[in-house]
Amino acid sequence: MSEIAERERTLATRLRMASVRLNRRLRAQSTDSVVTLSQLSALSCLYKAGAMTPGTLAAKEGVQPPSMTRVIAALEGLGLVVRTPHPTDGRQAVVDLTDTGRARIEEEISARERWLDVQLAELTREERATLSHAAEIMERISQR
């Protein structure tokens, strides 16, 4: 393997691992231990994308529909989501956040961003500028 290929592989590994570790640290900032990570992920998806069918939510989350059915049932039991009849297909339902669910996910986002703000404040201006540029590049990569 060439030196350039090895450096690129190393960069890919380092970026992947740093992303995983940062994500793990951000998840640890959770404000509530009652909601599981799978449930929180579904709430976040609904928050970003809006109401959708359970099948669409399962596909977006990369899980099987029966698994998503259990997640939705648990979230419904906690009062965080509500199912309503589909407007054009009587065989389906639409899942959406309740006001409590929306507030819950906003609390999560705020807690994680507060933690990250503290970490970023400890960096130099140059380091923050580097991370800002890196974030732009990572956004571009993630949209491919």
# chains A, B, ... in the order shown; residues from 1 in each chain; ligands from 1
>>> residues_around(residues="range 80-83 of chain A", least_positions_apart="6", cutoff="6 Å", atoms="only C-alpha atoms", output="ChimeraX atom specification")
/A:94-98,100-101
>>> select_by_dssp(residues="chain A", states="alpha helix (DSSP H)", output="compact mmCIF listing (two decimals) with N, CA and C atoms, in the first residue's frame")
# COMPACT_ATOMS: atom_id res chain seq x y z
N GLU A 3 2.19 5.13 0.55
CA GLU A 3 2.19 5.99 1.73
C GLU A 3 0.97 6.91 1.73
N ILE A 4 0.58 7.41 0.55
CA ILE A 4 -0.59 8.29 0.44
C ILE A 4 -1.86 7.51 0.80
N ALA A 5 -1.98 6.29 0.28
CA ALA A 5 -3.15 5.47 0.59
C ALA A 5 -3.20 5.16 2.07
N GLU A 6 -2.06 4.88 2.67
CA GLU A 6 -2.01 4.60 4.10
C GLU A 6 -2.43 5.81 4.92
N ARG A 7 -1.96 7.00 4.53
CA ARG A 7 -2.35 8.23 5.23
C ARG A 7 -3.85 8.46 5.12
N GLU A 8 -4.40 8.22 3.92
CA GLU A 8 -5.84 8.41 3.73
C GLU A 8 -6.64 7.41 4.56
N ARG A 9 -6.18 6.16 4.60
CA ARG A 9 -6.85 5.16 5.41
C ARG A 9 -6.79 5.56 6.88
N THR A 10 -5.67 6.05 7.31
CA THR A 10 -5.51 6.50 8.67
C THR A 10 -6.44 7.67 8.95
N LEU A 11 -6.55 8.61 8.02
CA LEU A 11 -7.46 9.74 8.19
C LEU A 11 -8.89 9.25 8.29
N ALA A 12 -9.27 8.33 7.43
CA ALA A 12 -10.63 7.80 7.47
C ALA A 12 -10.91 7.13 8.82
N THR A 13 -9.96 6.36 9.29
CA THR A 13 -10.12 5.69 10.59
C THR A 13 -10.21 6.71 11.71
N ARG A 14 -9.34 7.70 11.69
CA ARG A 14 -9.34 8.72 12.75
C ARG A 14 -10.64 9.52 12.75
N LEU A 15 -11.12 9.90 11.57
CA LEU A 15 -12.38 10.65 11.49
C LEU A 15 -13.55 9.81 11.99
N ARG A 16 -13.59 8.56 11.56
CA ARG A 16 -14.67 7.67 11.99
C ARG A 16 -14.66 7.50 13.50
N MET A 17 -13.51 7.22 14.04
CA MET A 17 -13.42 7.00 15.49
C MET A 17 -13.72 8.28 16.27
N ALA A 18 -13.23 9.42 15.80
CA ALA A 18 -13.51 10.68 16.48
C ALA A 18 -15.00 10.98 16.44
N SER A 19 -15.65 10.70 15.31
CA SER A 19 -17.10 10.92 15.20
C SER A 19 -17.87 10.02 16.15
N VAL A 20 -17.46 8.77 16.21
CA VAL A 20 -18.12 7.82 17.11
C VAL A 20 -17.97 8.26 18.56
N ARG A 21 -16.76 8.64 18.93
CA ARG A 21 -16.51 9.04 20.33
C ARG A 21 -17.25 10.32 20.69
N LEU A 22 -17.24 11.29 19.77
CA LEU A 22 -17.96 12.54 20.05
C LEU A 22 -19.46 12.27 20.16
N ASN A 23 -19.99 11.45 19.27
CA ASN A 23 -21.40 11.10 19.33
C ASN A 23 -21.74 10.41 20.65
N ARG A 24 -20.87 9.53 21.10
CA ARG A 24 -21.07 8.83 22.37
C ARG A 24 -21.10 9.83 23.53
N ARG A 25 -20.18 10.79 23.51
CA ARG A 25 -20.13 11.81 24.57
C ARG A 25 -21.38 12.68 24.54
N LEU A 26 -21.84 13.03 23.33
CA LEU A 26 -23.04 13.84 23.22
C LEU A 26 -24.27 13.08 23.73
N ARG A 27 -24.35 11.80 23.38
CA ARG A 27 -25.48 10.99 23.87
C ARG A 27 -25.47 10.89 25.38
N LEU A 37 -32.09 5.11 23.65
CA LEU A 37 -31.44 5.74 22.50
C LEU A 37 -32.25 5.53 21.22
N SER A 38 -32.84 4.35 21.04
CA SER A 38 -33.67 4.08 19.86
C SER A 38 -34.89 4.99 19.85
N GLN A 39 -35.49 5.16 21.01
CA GLN A 39 -36.65 6.04 21.10
C GLN A 39 -36.26 7.49 20.85
N LEU A 40 -35.14 7.89 21.40
CA LEU A 40 -34.65 9.25 21.22
C LEU A 40 -34.34 9.52 19.75
N SER A 41 -33.77 8.52 19.09
CA SER A 41 -33.46 8.66 17.67
C SER A 41 -34.74 8.83 16.85
N ALA A 42 -35.78 8.06 17.18
CA ALA A 42 -37.06 8.19 16.47
C ALA A 42 -37.67 9.56 16.73
N LEU A 43 -37.61 10.04 17.98
CA LEU A 43 -38.12 11.37 18.29
C LEU A 43 -37.38 12.43 17.48
N SER A 44 -36.07 12.29 17.42
CA SER A 44 -35.26 13.24 16.67
C SER A 44 -35.62 13.25 15.19
N CYS A 45 -35.84 12.07 14.63
CA CYS A 45 -36.23 11.96 13.22
C CYS A 45 -37.56 12.66 12.98
N LEU A 46 -38.53 12.44 13.85
CA LEU A 46 -39.83 13.10 13.73
C LEU A 46 -39.70 14.60 13.90
N TYR A 47 -38.82 15.03 14.78
CA TYR A 47 -38.59 16.45 15.02
C TYR A 47 -38.04 17.12 13.77
N LYS A 48 -37.09 16.45 13.12
CA LYS A 48 -36.44 17.02 11.93
C LYS A 48 -37.32 16.92 10.69
N ALA A 49 -37.98 15.78 10.51
CA ALA A 49 -38.67 15.51 9.25
C ALA A 49 -40.18 15.70 9.32
N PRO A 54 -45.39 4.91 10.26
CA PRO A 54 -44.42 4.07 10.96
C PRO A 54 -43.43 3.39 10.00
N GLY A 55 -43.89 2.97 8.83
CA GLY A 55 -43.00 2.34 7.86
C GLY A 55 -41.93 3.29 7.37
N THR A 56 -42.31 4.53 7.10
CA THR A 56 -41.34 5.54 6.66
C THR A 56 -40.34 5.83 7.78
N LEU A 57 -40.83 5.92 9.00
CA LEU A 57 -39.95 6.17 10.14
C LEU A 57 -38.97 5.00 10.32
N ALA A 58 -39.45 3.78 10.18
CA ALA A 58 -38.58 2.61 10.29
C ALA A 58 -37.49 2.66 9.22
N ALA A 59 -37.87 3.00 7.99
CA ALA A 59 -36.90 3.07 6.90
C ALA A 59 -35.86 4.16 7.16
N LYS A 60 -36.30 5.32 7.61
CA LYS A 60 -35.37 6.42 7.90
C LYS A 60 -34.41 6.05 9.03
N GLU A 61 -34.91 5.28 9.99
CA GLU A 61 -34.09 4.89 11.14
C GLU A 61 -33.27 3.62 10.86
N PRO A 65 -39.81 -2.76 10.51
CA PRO A 65 -41.09 -2.22 10.99
C PRO A 65 -41.55 -2.76 12.33
N PRO A 66 -41.41 -4.07 12.63
CA PRO A 66 -41.85 -4.53 13.96
C PRO A 66 -41.08 -3.86 15.10
N SER A 67 -39.79 -3.60 14.89
CA SER A 67 -39.00 -2.91 15.91
C SER A 67 -39.51 -1.49 16.10
N MET A 68 -39.82 -0.82 14.99
CA MET A 68 -40.32 0.55 15.09
C MET A 68 -41.70 0.58 15.73
N THR A 69 -42.51 -0.43 15.50
CA THR A 69 -43.82 -0.51 16.13
C THR A 69 -43.68 -0.51 17.65
N ARG A 70 -42.69 -1.26 18.15
CA ARG A 70 -42.44 -1.30 19.60
C ARG A 70 -41.95 0.06 20.11
N VAL A 71 -41.07 0.70 19.35
CA VAL A 71 -40.56 2.02 19.74
C VAL A 71 -41.71 3.02 19.81
N ILE A 72 -42.54 3.02 18.78
CA ILE A 72 -43.67 3.96 18.73
C ILE A 72 -44.64 3.70 19.89
N ALA A 73 -44.91 2.43 20.17
CA ALA A 73 -45.82 2.10 21.27
C ALA A 73 -45.26 2.62 22.60
N ALA A 74 -43.97 2.46 22.81
CA ALA A 74 -43.36 2.95 24.05
C ALA A 74 -43.43 4.48 24.12
N LEU A 75 -43.14 5.14 23.02
CA LEU A 75 -43.20 6.61 22.99
C LEU A 75 -44.63 7.11 23.18
N GLU A 76 -45.57 6.37 22.61
CA GLU A 76 -46.97 6.72 22.78
C GLU A 76 -47.36 6.57 24.25
N GLY A 77 -46.90 5.51 24.89
CA GLY A 77 -47.17 5.28 26.30
C GLY A 77 -46.60 6.36 27.20
N ASP A 99 -46.81 17.84 21.95
CA ASP A 99 -46.09 19.01 22.48
C ASP A 99 -45.05 18.56 23.51
N THR A 100 -45.40 17.56 24.30
CA THR A 100 -44.46 17.02 25.29
C THR A 100 -43.26 16.39 24.60
N GLY A 101 -43.49 15.65 23.51
CA GLY A 101 -42.41 15.03 22.76
C GLY A 101 -41.49 16.07 22.14
N ARG A 102 -42.09 17.12 21.59
CA ARG A 102 -41.29 18.20 20.99
C ARG A 102 -40.43 18.88 22.06
N ALA A 103 -41.03 19.15 23.21
CA ALA A 103 -40.28 19.77 24.30
C ALA A 103 -39.15 18.86 24.76
N ARG A 104 -39.42 17.56 24.82
CA ARG A 104 -38.43 16.57 25.26
C ARG A 104 -37.22 16.56 24.35
N ILE A 105 -37.45 16.54 23.03
CA ILE A 105 -36.32 16.49 22.10
C ILE A 105 -35.57 17.83 22.10
N GLU A 106 -36.28 18.92 22.27
CA GLU A 106 -35.61 20.22 22.36
C GLU A 106 -34.73 20.31 23.61
N GLU A 107 -35.18 19.70 24.71
CA GLU A 107 -34.36 19.64 25.93
C GLU A 107 -33.08 18.85 25.66
N GLU A 108 -33.22 17.73 24.96
CA GLU A 108 -32.05 16.90 24.63
C GLU A 108 -31.06 17.68 23.79
N ILE A 109 -31.56 18.33 22.77
CA ILE A 109 -30.69 19.11 21.88
C ILE A 109 -29.99 20.19 22.68
N SER A 110 -30.73 20.90 23.52
CA SER A 110 -30.13 21.96 24.33
C SER A 110 -29.05 21.44 25.26
N ALA A 111 -29.30 20.31 25.91
CA ALA A 111 -28.31 19.75 26.83
C ALA A 111 -27.03 19.38 26.09
N ARG A 112 -27.16 18.79 24.93
CA ARG A 112 -25.98 18.39 24.16
C ARG A 112 -25.24 19.61 23.64
N GLU A 113 -25.98 20.61 23.17
CA GLU A 113 -25.31 21.80 22.65
C GLU A 113 -24.65 22.60 23.76
N ARG A 114 -25.26 22.64 24.95
CA ARG A 114 -24.62 23.32 26.08
C ARG A 114 -23.29 22.66 26.41
N TRP A 115 -23.28 21.31 26.45
CA TRP A 115 -22.04 20.59 26.74
C TRP A 115 -20.99 20.90 25.68
N LEU A 116 -21.40 20.86 24.41
CA LEU A 116 -20.46 21.11 23.32
C LEU A 116 -19.98 22.56 23.33
N ASP A 117 -20.86 23.50 23.66
CA ASP A 117 -20.45 24.90 23.76
C ASP A 117 -19.33 25.08 24.79
N VAL A 118 -19.46 24.39 25.92
CA VAL A 118 -18.42 24.47 26.96
C VAL A 118 -17.10 23.92 26.42
N GLN A 119 -17.16 22.79 25.70
CA GLN A 119 -15.94 22.20 25.15
C GLN A 119 -15.31 23.13 24.11
N LEU A 120 -16.12 23.71 23.26
CA LEU A 120 -15.61 24.60 22.21
C LEU A 120 -15.03 25.88 22.80
N ALA A 121 -15.59 26.37 23.89
CA ALA A 121 -15.10 27.60 24.52
C ALA A 121 -13.67 27.44 25.04
N ARG A 125 -9.16 30.26 19.13
CA ARG A 125 -9.92 30.77 17.99
C ARG A 125 -9.56 30.01 16.72
N GLU A 126 -8.28 29.69 16.57
CA GLU A 126 -7.83 28.95 15.39
C GLU A 126 -8.41 27.54 15.36
N GLU A 127 -8.46 26.89 16.52
CA GLU A 127 -9.04 25.55 16.59
C GLU A 127 -10.53 25.58 16.24
N ARG A 128 -11.23 26.60 16.75
CA ARG A 128 -12.66 26.70 16.42
C ARG A 128 -12.85 26.97 14.92
N ALA A 129 -11.99 27.78 14.33
CA ALA A 129 -12.07 28.05 12.89
C ALA A 129 -11.81 26.76 12.10
N THR A 130 -10.85 25.97 12.55
CA THR A 130 -10.55 24.69 11.89
C THR A 130 -11.76 23.77 11.97
N LEU A 131 -12.37 23.68 13.15
CA LEU A 131 -13.56 22.83 13.32
C LEU A 131 -14.73 23.34 12.47
N SER A 132 -14.86 24.64 12.35
CA SER A 132 -15.93 25.20 11.52
C SER A 132 -15.74 24.77 10.07
N HIS A 133 -14.52 24.85 9.59
CA HIS A 133 -14.22 24.41 8.22
C HIS A 133 -14.44 22.90 8.09
N ALA A 134 -14.00 22.14 9.07
CA ALA A 134 -14.19 20.69 9.05
C ALA A 134 -15.68 20.34 9.03
N ALA A 135 -16.49 21.08 9.79
CA ALA A 135 -17.93 20.82 9.82
C ALA A 135 -18.53 21.04 8.43
N GLU A 136 -18.09 22.07 7.73
CA GLU A 136 -18.57 22.32 6.36
C GLU A 136 -18.22 21.14 5.45
N ILE A 137 -17.01 20.65 5.56
CA ILE A 137 -16.57 19.53 4.73
C ILE A 137 -17.36 18.27 5.08
N MET A 138 -17.55 18.02 6.37
CA MET A 138 -18.29 16.83 6.79
C MET A 138 -19.74 16.90 6.31
N GLU A 139 -20.33 18.09 6.35
CA GLU A 139 -21.70 18.27 5.82
C GLU A 139 -21.74 17.89 4.34
N ARG A 140 -20.76 18.38 3.61
CA ARG A 140 -20.69 18.11 2.16
C ARG A 140 -20.56 16.60 1.91
N ILE A 141 -19.69 15.94 2.66
CA ILE A 141 -19.50 14.50 2.51
C ILE A 141 -20.80 13.77 2.84
N SER A 142 -21.47 14.17 3.91
CA SER A 142 -22.67 13.46 4.34
C SER A 142 -23.84 13.62 3.37
>>> atom_distance(atom1="CA of Gly79 in chain A", atom2="CA of Val35 in chain A")
11.5 Å
>>> select_by_dssp(residues="chain A", states="strand (DSSP E or B)", output="PyMOL selection string")
chain A and resi 52+81-85+93-97
>>> write_last_selection(atoms="N, CA, C and O atoms", output="mmCIF file, in the first residue's frame")
data_model
loop_
_atom_site.group_PDB
_atom_site.id
_atom_site.type_symbol
_atom_site.label_atom_id
_atom_site.label_comp_id
_atom_site.auth_asym_id
_atom_site.auth_seq_id
_atom_site.Cartn_x
_atom_site.Cartn_y
_atom_site.Cartn_z
ATOM 1 N N MET A 52 -44.945 11.224 9.940
ATOM 2 C CA MET A 52 -44.787 10.225 8.874
ATOM 3 C C MET A 52 -45.397 8.907 9.324
ATOM 4 O O MET A 52 -45.723 8.741 10.497
ATOM 5 N N VAL A 81 -45.441 10.783 21.517
ATOM 6 C CA VAL A 81 -45.939 10.764 20.139
ATOM 7 C C VAL A 81 -47.413 10.393 20.147
ATOM 8 O O VAL A 81 -47.927 9.851 21.125
ATOM 9 N N VAL A 82 -48.051 10.687 19.039
ATOM 10 C CA VAL A 82 -49.458 10.343 18.859
ATOM 11 C C VAL A 82 -49.622 9.771 17.457
ATOM 12 O O VAL A 82 -48.949 10.198 16.521
ATOM 13 N N ARG A 83 -50.485 8.773 17.355
ATOM 14 C CA ARG A 83 -50.833 8.203 16.044
ATOM 15 C C ARG A 83 -52.204 8.738 15.640
ATOM 16 O O ARG A 83 -53.130 8.742 16.449
ATOM 17 N N THR A 84 -52.291 9.148 14.382
ATOM 18 C CA THR A 84 -53.571 9.591 13.833
ATOM 19 C C THR A 84 -53.812 8.838 12.532
ATOM 20 O O THR A 84 -52.860 8.352 11.909
ATOM 21 N N PRO A 85 -55.069 8.737 12.110
ATOM 22 C CA PRO A 85 -55.346 8.043 10.850
ATOM 23 C C PRO A 85 -54.673 8.750 9.669
ATOM 24 O O PRO A 85 -54.580 9.977 9.634
ATOM 25 N N ALA A 93 -51.417 4.641 9.599
ATOM 26 C CA ALA A 93 -51.490 5.737 10.568
ATOM 27 C C ALA A 93 -50.320 6.681 10.294
ATOM 28 O O ALA A 93 -49.381 6.336 9.578
ATOM 29 N N VAL A 94 -50.402 7.840 10.882
ATOM 30 C CA VAL A 94 -49.316 8.813 10.823
ATOM 31 C C VAL A 94 -48.873 9.066 12.254
ATOM 32 O O VAL A 94 -49.704 9.234 13.155
ATOM 33 N N VAL A 95 -47.573 9.084 12.472
ATOM 34 C CA VAL A 95 -47.001 9.314 13.795
ATOM 35 C C VAL A 95 -46.447 10.730 13.836
ATOM 36 O O VAL A 95 -45.777 11.168 12.903
ATOM 37 N N ASP A 96 -46.728 11.436 14.910
ATOM 38 C CA ASP A 96 -46.204 12.788 15.071
ATOM 39 C C ASP A 96 -45.862 13.021 16.541
ATOM 40 O O ASP A 96 -46.365 12.325 17.422
ATOM 41 N N LEU A 97 -45.024 14.002 16.777
ATOM 42 C CA LEU A 97 -44.671 14.386 18.142
ATOM 43 C C LEU A 97 -45.842 15.083 18.811
ATOM 44 O O LEU A 97 -46.577 15.837 18.167
#
>>> closest_residue(among="A:Leu78, A:Arg91, A:Val63, A:Ser2", to="Val34 in chain A", atoms="only C-alpha atoms")
A:Leu78
